[in-house]
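Trainee: Handing you this structure, nothing more for now.
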Amino acid sequence: MYNEKVMDHFEHPRNQGVIEDANGTGEVGNAQCGDIMKIYLKVEDDVITDVRFQTFGCGAAVASSSMATEMIKGKTLAEAWDLSNKAVAEALEGLPPQKLHCSVLAEESIHAAINDYRVKHGLEAWEEKGGHAEHQH
Amino acid sequence: MYNEKVMDHFEHPRNQGVIEDANGTGEVGNAQCGDIMKIYLKVEDDVITDVRFQTFGCGAAVASSSMATEMIKGKTLAEAWDLSNKAVAEALEGLPPQKLHCSVLAEESIHAAINDYRVKHGLEAWEEKGGHAEHQH
Amino acid sequence: MNTEKRLVYMDHAATTATRVEVAEAMVPYMTGHFGNPSSLYDLAKDSREAVDAARVQVAAAIGAAPKEIYFTSGGTESDNWALKGVAFAKRSKGNHIITTAVEHHAISHTCAWLEKQGFSVTYLPVDRYGMVDPEAVEAAITPETILISVMMANNEIGTIMPIAEIGTVARKHGVLFHTDAVQAAGHIPIDVQEMNIDLLSLSGHKFHGPKGTGALYVGPGVRLDPLMHGGAQERGRRAGTENVPGIVGMGMALSLAVAEMVENAERVTALRDRLAAGLLAIPETYLNGHPQKRLPNNVNVVFAYIEGESILLLLNRKGIAASTGSACSSASLEASHVLMACGLPHDVVHGSLRLTLGEETTEADVDYVVAAVAGVVQRLRDMSPLTPTELRSK
Amino acid sequence: MNTEKRLVYMDHAATTATRVEVAEAMVPYMTGHFGNPSSLYDLAKDSREAVDAARVQVAAAIGAAPKEIYFTSGGTESDNWALKGVAFAKRSKGNHIITTAVEHHAISHTCAWLEKQGFSVTYLPVDRYGMVDPEAVEAAITPETILISVMMANNEIGTIMPIAEIGTVARKHGVLFHTDAVQAAGHIPIDVQEMNIDLLSLSGHKFHGPKGTGALYVGPGVRLDPLMHGGAQERGRRAGTENVPGIVGMGMALSLAVAEMVENAERVTALRDRLAAGLLAIPETYLNGHPQKRLPNNVNVVFAYIEGESILLLLNRKGIAASTGSACSSASLEASHVLMACGLPHDVVHGSLRLTLGEETTEADVDYVVAAVAGVVQRLRDMSPLTPTELRSK
Ligand SMILES: Cc1ncc(COP(=O)(O)O)c(C=O)c1O
Ligand SMILES: Cc1ncc(COP(=O)(O)O)c(C=O)c1O
């Protein structure tokens, strides 16, 4: 069902865990739907110096978390904000159609964590572009 | 489908053919239904001294003709009249249910031949007992 | 019992032997790669890939895309599904179905049942060769018409219908077109695109594949209710755990049949014509079906004055396996509706004989059968009260 | 890919391998005795006799008469036929059907379709063990009720329903009673007479028979429309060329399963209990289904804080084949309706694991699986944001 890249990230998840002194965290999803993602950010000078995730969910959810965190590490918040679920799915070399929503969760949880950081630091929360109509779970 | 007895009578029909100087003949059935039986009788002193048949029809029709003619040969007309289709089927050790009507044809063709003889000889035709409601073809 | 050593199987339209290599390819999917294709684990992957590969094979054989192929349990299921599926899905659009008087019972009995459910069915007549007129199809279309179902080739008389022409008519009027290609597949070329076919039925055991397998081609955009409700197999359209070994066997058998089709058809057509010529030399014997537009392997003749079941029984004794449209050989005691629709009179319809050849049929088989049939026909004519004197022995 | 050498198949409720001796018995009916059973010639006789013999085997396994057994293409077809067949045949008598909330989709989706056709369906609730109350069945009967359909044993949680009691209720009220015995056959004793069952579904591949085979028991006097219209096969009730090899295999597999049932059930029950005990030792793990009244081979548990598909993927890496009711692993993205009906909260329903044992399962397999599952559960709990601190590693 999953390709090798997805399986690799599922089985050997990068950045799994918690950042005790995170300065931005975001959680999306709910247990009823079967997937929850929580992102921990360590931001220094507008750059994500460390990122961790915790995920309750299927293989695609774990792999998406793993890949997405890899992709934003070392990036500025603005760069990280621009990471789309499509880019995550592409970096994973594709997800089964019914699992695309997992990559959406990854994007959303990163957005939530970034805005958490921004609000905590007296900045305005960025607005979602509203282009996630495809998010169905 | 057919038992060995039926197949034996179908493949080696007894009394098949024509009696040129028959003094009683009977034909029943029609080509539309797929079976016709014709019986030729040679009657002497009320006894059937010879009998032949011609049959257009399936294996059961031929076997029933063969068996029925065997069963009435040497019998008086009254005895022959009493030959039931059930007796023919039993003598054949059974016919498939949908083929029982073939044994009915045998009974009816013998009746027709007997009455042909009787009428030709100034006797009254015997009446069918009317018990052949099961004859459906 | 067959009293001859020889066995000549001339009933390939009824069923065929599964090719040995096909049976061998199936066994590993019974005992080894037995996983349920819908499962997640590795064992299921083998099954899933095997099913996908078979789908590609079947699709290629009829010019379809793999995702348009749905595996079923046979031609009967495919026919039932196509008709009932479209009828129930389109009920609100219309209630009229057009078919012919010579369809297989899997179509005609399904239509009869749909009539009981309130649908209206036109059974188009055929000409003496069993051919339907595309213009008659067009003329039968009403605003209520939701489906046209015309078989590609007739199972009794082998007549090949003008499917492409009917496809054009159907497309022009925006009516769905189903064809029962159970007898055609592997014997004559099929292209669902070129022929404008929306739904097409196949049955595995008619081309040396396994019994209990079939497929329905469902073209793009065609909506139909499932016949088998349940699990999400076959993309949610045909429920039931996939018959993986059967599907593997069917795919392989069809792709082999198509690969060998041109060569086989040429060889078999020559044998067919030799057989027909031999049989037609018997007096008062007539060919059923179209003289040219017929399946390469089908010979169907009628002999006056005799009945088909007796012919079969005597041929069986000579090791020849054949078939007839006689009422006496059918469970319903009804004579072939196909021969009747071709206008054969009631009193000769019972004397039909169908011989359908196969890849293994030889010229010697044909000559043996011609001689055997001639003998059997004479013997039965001698026994029949209908036979005119000049046709009797001696 | 499985990185262990070991392969432990614990998904027998999904499908089973065809027994080698069964596959071997089938092959001759593919390539050799391939005749169409309906034909007249000798070749057909072998096929016909083989089908008859299989019918006797299947009948004997459920206390029926051979003439009450109709071969189908699987459990799904049998279920669809029973429900639609009775519904359409009895439409004029009434339009109400009673079933449960925990049936297989072959029943529940068929019911949903029948609702679209104007029938009315009562889906009875079950208790926390997945058990339906026979009194609730009785209370649901109205003058319009034409059919009760309650599965004999549940495919997900293994709960065995009070079939004999429901049979008594149905008989008392003169309502037809169908049971889906797909998971029960070959595992627990079945007697259609004693249990007052009118219709019963079987599926060959669930007891080491071939895929694509099934049967419907139809009791004396039960009228139902065909689902497969067409030829006169199966005494005119189920059209389609008989799948002779499949039928042979199914008959043989079922009679072997029943012969070995008592012994197997005892052995497998012990393993099941060992497995359940091992898994329930994992914290916050709960058993689904009835603690006693369950299939001998079924274990179904739910682990809090984690999701089932990930469990399966990791178990697969350890060579373990299993199943889950998680939405994430289903094509429809809906969580198990069975677990929901048992009252499992939405937020734990995704963490279920079904392990179904087989005759070849060993104690070593069980211990291996317990250890593997414990490791996997811990690993996923460590990853989950929901896991309370005291359940995390270190
Ligand atoms: C034209 C045609 N349609 C449908 C069928 C039914 O196929 P099956 O018996 O494999 O279900 C047959 C064969 O019996 C056939 O010849
Ligand atoms: C209880 C139950 N009913 C019906 C079915 C359907 O059987 P099949 O997939 O063989 O058609 C299954 C198995 O999938 C089942 O477990």
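Scheme for the structure tokens: letters A, B, ... for chains in order shown; per-chain residue numbers from 1; ligand numbers from 1 in order shown.
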Using only C-alpha atoms, which chain D residues lie at most 7 Å away from chain C, written as a ChimeraX atom specification?
Mentor: /D:1,14-20,23,27,30-32,34-36,41-42,73-74,76-77,80,105-107,109-110,210-212,228-232,239-240,242-243,316,321,331
Trainee: Report as a compact mmCIF listing (two decimals) with all heavy atoms, in the first residue's frame all protein, DNA and RNA residues lying within 8 Å of Ala89 in chain D, evaluated on only C-alpha atoms, omitting residues in the same chain fewer than 3 positions from it.
Mentor:
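What landed in out_31.txt:
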# COMPACT_ATOMS: atom_id res chain seq x y z
N GLY D 85 -33.61 -12.09 -2.48
CA GLY D 85 -34.48 -13.15 -2.98
C GLY D 85 -35.79 -13.21 -2.21
O GLY D 85 -36.88 -13.26 -2.80
N VAL D 86 -35.69 -13.18 -0.88
CA VAL D 86 -36.90 -13.23 -0.05
C VAL D 86 -37.66 -11.91 -0.18
O VAL D 86 -38.89 -11.90 -0.32
CB VAL D 86 -36.55 -13.52 1.43
CG1 VAL D 86 -37.76 -13.28 2.33
CG2 VAL D 86 -36.04 -14.95 1.57
N SER D 92 -45.27 -8.71 -1.76
CA SER D 92 -46.72 -8.50 -1.61
C SER D 92 -47.20 -8.88 -0.21
O SER D 92 -48.28 -8.48 0.22
CB SER D 92 -47.47 -9.32 -2.66
OG SER D 92 -47.18 -10.69 -2.48
N ARG D 223 -39.78 -19.77 -0.48
CA ARG D 223 -39.75 -19.22 -1.83
C ARG D 223 -38.84 -18.00 -1.86
O ARG D 223 -38.90 -17.16 -0.96
CB ARG D 223 -41.16 -18.82 -2.27
CG ARG D 223 -42.06 -20.01 -2.56
CD ARG D 223 -43.32 -19.62 -3.33
NE ARG D 223 -43.94 -18.42 -2.78
CZ ARG D 223 -43.98 -17.25 -3.40
NH1 ARG D 223 -43.45 -17.10 -4.60
NH2 ARG D 223 -44.56 -16.21 -2.81
N LEU D 224 -38.00 -17.93 -2.87
CA LEU D 224 -37.21 -16.70 -3.05
C LEU D 224 -36.88 -16.52 -4.52
O LEU D 224 -36.72 -17.50 -5.24
CB LEU D 224 -35.97 -16.68 -2.16
CG LEU D 224 -34.70 -17.45 -2.49
CD1 LEU D 224 -33.61 -17.11 -1.48
CD2 LEU D 224 -34.95 -18.95 -2.46
N ASP D 225 -36.85 -15.27 -4.96
CA ASP D 225 -36.48 -14.98 -6.34
C ASP D 225 -35.01 -15.32 -6.53
O ASP D 225 -34.22 -15.21 -5.59
CB ASP D 225 -36.69 -13.49 -6.64
CG ASP D 225 -38.14 -13.15 -6.94
OD1 ASP D 225 -39.02 -13.98 -6.61
OD2 ASP D 225 -38.40 -12.07 -7.48
Trainee: Just asking: which residues within range 161-386 of chain C are helix (DSSP H, G or I) according to DSSP, as a ChimeraX atom specification?
Mentor: /C:163-173,204-207,233-236,244-259,261-280,308-317,327-329,337-341,346-349,363-383
Trainee: Just need the residues of chain D within 9 Å of chain A, counting only C-alpha atoms, so spit them out as a PyMOL selection string.
Mentor: chain D and resi 305-311+313-314+326-329+331-335+345-351+380-386
Trainee: What is the distance between CA of Lys318 in chain C and CA of Asn297 in chain C, in Å to one decimal?
Mentor: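 Going from CA of Lys318 in chain C over to CA of Asn297 in chain C covers 20.9 Å.
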Trainee: Counting only C-alpha atoms, what is within 7 Å of range 77-88 of chain B, bar same-chain residues fewer than 2 positions away, as a PyMOL selection string?
Mentor: chain B and resi 46-48+64+67-68+72+75+90-92+103-104+106-107+111+114
Trainee: If you run DSSP on the backbone, which residues of range 33-102 of chain B are strand (DSSP E), as a list in words?
Mentor: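 Listing strand (DSSP E) positions across range 33-102 of chain B yields Asp35, Ile36, Met37, Lys38, Ile39, Tyr40, Leu41, Lys42, Val43, Glu44, Val47, Ile48, Thr49, Asp50, Val51, Arg52, Phe53, Gln54, Thr55 and Phe56 of chain B.
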Trainee: Can you write out the residues you just picked, keeping N, CA, C and O atoms, as a PDB file, in the first residue's frame?
Mentor:
ATOM      1  N   ASP B  35     -42.244 -35.356 -29.905  1.00  0.00           N
ATOM      2  CA  ASP B  35     -42.367 -36.824 -29.896  1.00  0.00           C
ATOM      3  C   ASP B  35     -43.659 -37.335 -30.519  1.00  0.00           C
ATOM      4  O   ASP B  35     -44.743 -36.823 -30.268  1.00  0.00           O
ATOM      5  N   ILE B  36     -43.486 -38.341 -31.325  1.00  0.00           N
ATOM      6  CA  ILE B  36     -44.602 -39.016 -31.997  1.00  0.00           C
ATOM      7  C   ILE B  36     -44.351 -40.509 -31.892  1.00  0.00           C
ATOM      8  O   ILE B  36     -43.236 -40.968 -32.147  1.00  0.00           O
ATOM      9  N   MET B  37     -45.396 -41.256 -31.525  1.00  0.00           N
ATOM     10  CA  MET B  37     -45.264 -42.719 -31.496  1.00  0.00           C
ATOM     11  C   MET B  37     -46.328 -43.332 -32.369  1.00  0.00           C
ATOM     12  O   MET B  37     -47.488 -42.921 -32.309  1.00  0.00           O
ATOM     13  N   LYS B  38     -45.901 -44.328 -33.131  1.00  0.00           N
ATOM     14  CA  LYS B  38     -46.860 -45.025 -33.985  1.00  0.00           C
ATOM     15  C   LYS B  38     -46.730 -46.510 -33.702  1.00  0.00           C
ATOM     16  O   LYS B  38     -45.618 -47.058 -33.732  1.00  0.00           O
ATOM     17  N   ILE B  39     -47.888 -47.146 -33.408  1.00  0.00           N
ATOM     18  CA  ILE B  39     -47.898 -48.577 -33.055  1.00  0.00           C
ATOM     19  C   ILE B  39     -48.629 -49.362 -34.138  1.00  0.00           C
ATOM     20  O   ILE B  39     -49.697 -48.940 -34.608  1.00  0.00           O
ATOM     21  N   TYR B  40     -48.042 -50.465 -34.538  1.00  0.00           N
ATOM     22  CA  TYR B  40     -48.665 -51.387 -35.511  1.00  0.00           C
ATOM     23  C   TYR B  40     -48.975 -52.695 -34.784  1.00  0.00           C
ATOM     24  O   TYR B  40     -48.074 -53.281 -34.167  1.00  0.00           O
ATOM     25  N   LEU B  41     -50.243 -53.133 -34.875  1.00  0.00           N
ATOM     26  CA  LEU B  41     -50.612 -54.383 -34.203  1.00  0.00           C
ATOM     27  C   LEU B  41     -51.033 -55.435 -35.226  1.00  0.00           C
ATOM     28  O   LEU B  41     -51.688 -55.124 -36.215  1.00  0.00           O
ATOM     29  N   LYS B  42     -50.651 -56.654 -34.944  1.00  0.00           N
ATOM     30  CA  LYS B  42     -51.198 -57.811 -35.686  1.00  0.00           C
ATOM     31  C   LYS B  42     -51.970 -58.598 -34.631  1.00  0.00           C
ATOM     32  O   LYS B  42     -51.369 -59.164 -33.708  1.00  0.00           O
ATOM     33  N   VAL B  43     -53.291 -58.584 -34.764  1.00  0.00           N
ATOM     34  CA  VAL B  43     -54.132 -59.246 -33.758  1.00  0.00           C
ATOM     35  C   VAL B  43     -54.766 -60.482 -34.370  1.00  0.00           C
ATOM     36  O   VAL B  43     -55.334 -60.413 -35.455  1.00  0.00           O
ATOM     37  N   GLU B  44     -54.624 -61.620 -33.654  1.00  0.00           N
ATOM     38  CA  GLU B  44     -55.297 -62.850 -34.105  1.00  0.00           C
ATOM     39  C   GLU B  44     -56.024 -63.444 -32.919  1.00  0.00           C
ATOM     40  O   GLU B  44     -55.415 -63.650 -31.869  1.00  0.00           O
ATOM     41  N   VAL B  47     -55.672 -61.874 -29.640  1.00  0.00           N
ATOM     42  CA  VAL B  47     -54.326 -61.868 -29.049  1.00  0.00           C
ATOM     43  C   VAL B  47     -53.366 -61.104 -29.971  1.00  0.00           C
ATOM     44  O   VAL B  47     -53.436 -61.225 -31.185  1.00  0.00           O
ATOM     45  N   ILE B  48     -52.489 -60.324 -29.352  1.00  0.00           N
ATOM     46  CA  ILE B  48     -51.518 -59.562 -30.133  1.00  0.00           C
ATOM     47  C   ILE B  48     -50.378 -60.496 -30.499  1.00  0.00           C
ATOM     48  O   ILE B  48     -49.531 -60.835 -29.675  1.00  0.00           O
ATOM     49  N   THR B  49     -50.346 -60.922 -31.734  1.00  0.00           N
ATOM     50  CA  THR B  49     -49.313 -61.877 -32.144  1.00  0.00           C
ATOM     51  C   THR B  49     -48.060 -61.166 -32.618  1.00  0.00           C
ATOM     52  O   THR B  49     -46.982 -61.731 -32.579  1.00  0.00           O
ATOM     53  N   ASP B  50     -48.249 -59.924 -33.061  1.00  0.00           N
ATOM     54  CA  ASP B  50     -47.044 -59.154 -33.435  1.00  0.00           C
ATOM     55  C   ASP B  50     -47.316 -57.671 -33.193  1.00  0.00           C
ATOM     56  O   ASP B  50     -48.463 -57.225 -33.270  1.00  0.00           O
ATOM     57  N   VAL B  51     -46.251 -56.958 -32.894  1.00  0.00           N
ATOM     58  CA  VAL B  51     -46.390 -55.513 -32.651  1.00  0.00           C
ATOM     59  C   VAL B  51     -45.087 -54.845 -33.070  1.00  0.00           C
ATOM     60  O   VAL B  51     -43.999 -55.391 -32.888  1.00  0.00           O
ATOM     61  N   ARG B  52     -45.211 -53.692 -33.674  1.00  0.00           N
ATOM     62  CA  ARG B  52     -44.046 -52.898 -34.094  1.00  0.00           C
ATOM     63  C   ARG B  52     -44.292 -51.426 -33.752  1.00  0.00           C
ATOM     64  O   ARG B  52     -45.455 -51.017 -33.597  1.00  0.00           O
ATOM     65  N   PHE B  53     -43.219 -50.692 -33.665  1.00  0.00           N
ATOM     66  CA  PHE B  53     -43.393 -49.248 -33.436  1.00  0.00           C
ATOM     67  C   PHE B  53     -42.453 -48.434 -34.317  1.00  0.00           C
ATOM     68  O   PHE B  53     -41.404 -48.914 -34.749  1.00  0.00           O
ATOM     69  N   GLN B  54     -42.885 -47.207 -34.541  1.00  0.00           N
ATOM     70  CA  GLN B  54     -42.006 -46.170 -35.102  1.00  0.00           C
ATOM     71  C   GLN B  54     -42.085 -44.978 -34.155  1.00  0.00           C
ATOM     72  O   GLN B  54     -43.181 -44.599 -33.739  1.00  0.00           O
ATOM     73  N   THR B  55     -40.929 -44.422 -33.843  1.00  0.00           N
ATOM     74  CA  THR B  55     -40.952 -43.308 -32.905  1.00  0.00           C
ATOM     75  C   THR B  55     -40.043 -42.180 -33.373  1.00  0.00           C
ATOM     76  O   THR B  55     -38.919 -42.414 -33.820  1.00  0.00           O
ATOM     77  N   PHE B  56     -40.601 -40.978 -33.262  1.00  0.00           N
ATOM     78  CA  PHE B  56     -39.816 -39.754 -33.417  1.00  0.00           C
ATOM     79  C   PHE B  56     -39.756 -39.185 -32.017  1.00  0.00           C
ATOM     80  O   PHE B  56     -40.790 -38.880 -31.419  1.00  0.00           O
TER      81      PHE B  56
END
Trainee: Report, in Å with one decimal, the straight-line distance from CA of Leu95 in chain A to CA of Thr69 in chain A.
Mentor: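 About the pair CA of Leu95 in chain A and CA of Thr69 in chain A: they are 17.0 Å apart.
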Trainee: Skip Glu156 in chain C itself and residues of its chain fewer than 3 positions away, then list as number ranges by chain all residues within 10 Å of it, counting only C-alpha atoms.
Mentor: C: 13-14, 102-104, 130, 153, 159, 183, 288-289, 298-300, 323-325, 336-339, 353-356
Trainee: From the list D:Thr362, D:Ser201, D:Ser352, D:Ser255, which residue is nearest Arg272 in chain D when using only C-alpha atoms?
Mentor: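 Answer, going by the shortest atom-to-atom distance: D:Thr362.
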Trainee: Using only C-alpha atoms and all ligand atoms for the distances, tell me which of D:Thr389, D:Glu234, D:Ala257, D:Thr99 is nearest to ligand 1.
Mentor: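 Ranked by minimum distance to ligand 1, first place goes to D:Glu234.
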Trainee: Report, in Å with one decimal, the straight-line distance from CA of Leu287 in chain D to CA of Gly204 in chain D.
Mentor: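 Computed distance, CA of Leu287 in chain D to CA of Gly204 in chain D, equals 28.4 Å.
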